[in-house]
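What follows is one structure encoded as structure tokens, with my remarks underneath.
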Amino acid sequence: MANHEKLEELRALYSEKKDSIKAQLDEFKEVHQNADDRRIFEELSFCILTSAVGPKVGAKSLDAIRDILLEGSPEALEERLSGVHKYPEKAYYIVHTRDYLKKEYNLKIKDLVGSFDDPIERREFFALNKDIKGLGLTQASHFLRNIGIKGYAILDRNVVRSLYDLGVLESPKPPTTKKKYLEAEEKMKGFANELGIEVEELDMLLWSMKTGHIPK
């Protein structure tokens with residue numbers, strides 16, 4: 001576990017960034033309360049697009065396809081993503097996921113998210129479902145956080161590296177199995193509790209330490 005000096009440094013940094021962090025979390029809460037299914041699917045697509053390239057490219061890529069997101073062909077989405085995203089073929093992930101959610105759930109994603117009593121099962125539905133393409137446990141956690149569902153750790157490389165540097169995790173590499181992910185998540189939650197903040201706040205704090213900005 002992190003030493004006292006590092007804990008105090010983090011607490012000081014949190015005090016400095018607390019207002020920005022809480023403002024971003026309030027935006028996620030607003031999505032949870034007021035967004036329609038189209039908006040929820042946009043967040044799902046954003047998280048598919050963000051994997052391996054980061055949120056800035058993810059946001060720019062979503063802007064490029066937003067107007068055709070619900071009806072466009074994979075070829076049309078891929079053409080829009082070419083030159084914007086490193087992997088424009090992710091268009092096929094989005095369309096496959098969209099068509100599956102339309103067929104099985106009439107794209108009622110908000111109701112679907114709310115139908116789970118178990119938070120682990122909720123995340124695993126999006127992370128491990130063969131018909132939801134491009135989301136692992138990290139990006140499924142990201143998606144749920146972005147639509148205002150709390151309690152998930154987003155163990156991307158920036159956060160994991162920070163937790164390793166702080167002595168919270170034993171490896172600087174993101175977890176590669178479900179078991180390792182859950183173990184690392186519990187350690188992160190314990191550390192957040194030690195700091196007296198929520199795990200979502202810790203995620204944003206650690207990300208900002210590595211990148212200089214509060215993440216979406």
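Every chain in the structure tokens has a letter given in the order shown (A, B, ...), and although residue numbers restart at 1 in each chain, ligands are simply numbered from 1 in the order shown.
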**OP:** For stretch 172-184 of chain A, please output as a PyMOL selection string all residues within 12 Å (counting only C-alpha atoms; exclusion window: fewer than 2 positions along the same chain).
**Re:** chain A and resi 120+123-124+127-128+136-138+141+152-170+186-191
**OP:** Pick out the residues sitting within 10 Å of stretch 92-94 of chain A, and hand them over as JSON, numbers by chain; count only C-alpha atoms, and ignore anything fewer than 5 positions along from it in its own chain.
**Re:** {"A": [41, 42, 44, 45, 46, 48, 49, 69, 70, 73, 74, 75, 77, 78, 99, 100, 131, 132, 133, 134, 135]}
Atoms to include: C-alpha atoms. Write the selected residues as a JSON list (two decimals), in the first residue's frame.
```json
[["chain", "number", "residue", "atom", "x", "y", "z"],
["A", 41, "PHE", "CA", -25.63, 3.83, -27.73],
["A", 42, "GLU", "CA", -23.39, 6.77, -28.61],
["A", 44, "LEU", "CA", -21.23, 2.51, -26.05],
["A", 45, "SER", "CA", -19.81, 3.32, -29.49],
["A", 46, "PHE", "CA", -17.47, 5.90, -27.99],
["A", 48, "ILE", "CA", -15.59, 0.80, -28.54],
["A", 49, "LEU", "CA", -13.76, 3.52, -30.47],
["A", 69, "LEU", "CA", -24.56, 5.73, -36.26],
["A", 70, "LEU", "CA", -27.98, 4.08, -35.98],
["A", 73, "SER", "CA", -23.80, 0.47, -43.18],
["A", 74, "PRO", "CA", -20.45, -0.78, -41.86],
["A", 75, "GLU", "CA", -18.86, 0.38, -45.12],
["A", 77, "LEU", "CA", -19.04, 4.09, -41.09],
["A", 78, "GLU", "CA", -15.63, 2.73, -42.07],
["A", 99, "ASP", "CA", -27.75, -4.84, -35.04],
["A", 100, "TYR", "CA", -27.59, -7.36, -32.17],
["A", 131, "ASP", "CA", -22.19, -10.11, -29.94],
["A", 132, "ILE", "CA", -20.96, -6.91, -28.30],
["A", 133, "LYS", "CA", -17.70, -6.32, -30.11],
["A", 134, "GLY", "CA", -14.68, -4.41, -28.93],
["A", 135, "LEU", "CA", -15.38, -4.16, -25.20]]
```
Considering only C-alpha atoms, tabulate each residue of stretch 114-162 of chain A that lies at most 9 Å from stretch 33-40 of chain A along with its nearest interatomic pair and the corresponding distance in Å to one decimal; arrange the rows by chain and ascending residue number and present them as CSV.
```
residue,atom,partner,partner_atom,distance
A:Phe143,CA,A:Ile40,CA,8.9
A:Ile147,CA,A:Ile40,CA,6.9
A:Gly148,CA,A:Gln33,CA,8.1
```
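Using only C-alpha atoms, the smallest distance between any of A:Val95, A:Leu195, A:Leu10, A:Asp63 and A:Leu81 comes from A:Asp63.
For A:Leu25, the non-local neighbours within 10 Å, defined as residues at least 2 positions apart in the same chain or in other chains and counting only C-alpha atoms, are Asp19, Ser20, Ile21, Lys22, Ala23, Glu27, Phe28, Lys29, Glu30, Val31, Arg145, Asn146, Ile147, Gly148, Lys150, Glu200, Glu201, Met204 and Lys216 of chain A.
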Original post:
Between A:Ala76, A:Leu144, A:Glu89, A:Val84, which has the minimum distance to A:Lys60 (counting only C-alpha atoms)?
Top reply: A:Val84
Original post:
Between A:Arg122, A:His32, A:His142, A:Lys130, which is the closest to A:Lys110 once you count only C-alpha atoms?
Top reply: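 Among the listed residues, A:His32 lies closest to A:Lys110.
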**OP:** Please return as an MDAnalysis selection string: the residues of stretch 1-108 of chain A that backbone DSSP assigns to helix (DSSP H, G or I).
**Re:** chainID A and resid 4:34 37:50 55:68 74:81 90:105
Convert the current residue selection to file output with C-alpha atoms, as a short mmCIF file (atom, residue, chain, number, x, y, z; two decimals), in the first residue's frame.
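part21.cif, written as the output of this step:
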```
data_model
loop_
_atom_site.label_atom_id
_atom_site.label_comp_id
_atom_site.auth_asym_id
_atom_site.auth_seq_id
_atom_site.Cartn_x
_atom_site.Cartn_y
_atom_site.Cartn_z
CA HIS A 4 1.91 8.16 4.08
CA GLU A 5 3.79 10.78 2.06
CA LYS A 6 2.30 9.60 -1.23
CA LEU A 7 -1.17 9.47 0.31
CA GLU A 8 -0.87 13.07 1.42
CA GLU A 9 0.35 14.12 -2.05
CA LEU A 10 -2.68 12.45 -3.61
CA ARG A 11 -5.06 14.04 -1.12
CA ALA A 12 -3.58 17.44 -1.93
CA LEU A 13 -3.94 16.82 -5.65
CA TYR A 14 -7.52 15.67 -5.13
CA SER A 15 -8.32 18.88 -3.27
CA GLU A 16 -6.95 20.82 -6.24
CA LYS A 17 -8.90 18.87 -8.86
CA LYS A 18 -12.00 17.91 -6.87
CA ASP A 19 -14.35 20.45 -8.45
CA SER A 20 -13.42 19.39 -12.01
CA ILE A 21 -13.74 15.72 -11.13
CA LYS A 22 -17.14 16.16 -9.51
CA ALA A 23 -18.37 18.26 -12.44
CA GLN A 24 -17.49 15.44 -14.84
CA LEU A 25 -19.20 12.86 -12.61
CA ASP A 26 -22.28 15.09 -12.52
CA GLU A 27 -22.33 14.99 -16.33
CA PHE A 28 -22.34 11.18 -16.20
CA LYS A 29 -25.15 11.28 -13.64
CA GLU A 30 -27.11 13.53 -16.00
CA VAL A 31 -26.74 10.93 -18.76
CA HIS A 32 -28.07 8.24 -16.43
CA GLN A 33 -31.09 10.30 -15.48
CA ASN A 34 -32.05 11.93 -18.76
CA ASP A 37 -31.29 5.08 -25.93
CA ARG A 38 -29.63 6.82 -28.87
CA ARG A 39 -27.42 8.76 -26.47
CA ILE A 40 -26.63 5.59 -24.52
CA PHE A 41 -25.63 3.83 -27.73
CA GLU A 42 -23.39 6.77 -28.61
CA GLU A 43 -21.55 6.23 -25.31
CA LEU A 44 -21.23 2.51 -26.05
CA SER A 45 -19.81 3.32 -29.49
CA PHE A 46 -17.47 5.90 -27.99
CA CYS A 47 -16.01 3.27 -25.66
CA ILE A 48 -15.59 0.80 -28.54
CA LEU A 49 -13.76 3.52 -30.47
CA THR A 50 -11.65 4.62 -27.50
CA PRO A 55 -10.68 9.26 -25.48
CA LYS A 56 -9.61 12.18 -27.69
CA VAL A 57 -9.51 10.01 -30.81
CA GLY A 58 -12.64 8.20 -29.61
CA ALA A 59 -14.57 11.48 -29.35
CA LYS A 60 -13.35 12.74 -32.73
CA SER A 61 -14.27 9.40 -34.32
CA LEU A 62 -17.75 9.42 -32.80
CA ASP A 63 -18.31 12.93 -34.16
CA ALA A 64 -17.41 11.65 -37.63
CA ILE A 65 -20.14 8.97 -37.61
CA ARG A 66 -22.74 10.32 -35.18
CA ASP A 67 -25.35 11.22 -37.82
CA ILE A 68 -25.25 7.75 -39.41
CA PRO A 74 -20.45 -0.78 -41.86
CA GLU A 75 -18.86 0.38 -45.12
CA ALA A 76 -20.27 3.89 -44.68
CA LEU A 77 -19.04 4.09 -41.09
CA GLU A 78 -15.63 2.73 -42.07
CA GLU A 79 -15.28 5.34 -44.79
CA ARG A 80 -16.04 8.12 -42.31
CA LEU A 81 -13.54 6.69 -39.81
CA LYS A 90 -14.01 -0.83 -35.83
CA ALA A 91 -17.04 0.29 -37.82
CA TYR A 92 -17.87 -3.41 -38.16
CA TYR A 93 -17.75 -3.85 -34.38
CA ILE A 94 -20.20 -0.99 -33.93
CA VAL A 95 -22.64 -2.18 -36.60
CA HIS A 96 -22.57 -5.78 -35.39
CA THR A 97 -23.23 -4.59 -31.82
CA ARG A 98 -25.96 -2.20 -32.98
CA ASP A 99 -27.75 -4.84 -35.04
CA TYR A 100 -27.59 -7.36 -32.17
CA LEU A 101 -29.01 -4.86 -29.69
CA LYS A 102 -31.73 -3.87 -32.16
CA LYS A 103 -32.72 -7.48 -32.84
CA GLU A 104 -32.63 -8.78 -29.27
CA TYR A 105 -33.55 -5.67 -27.23
#
```
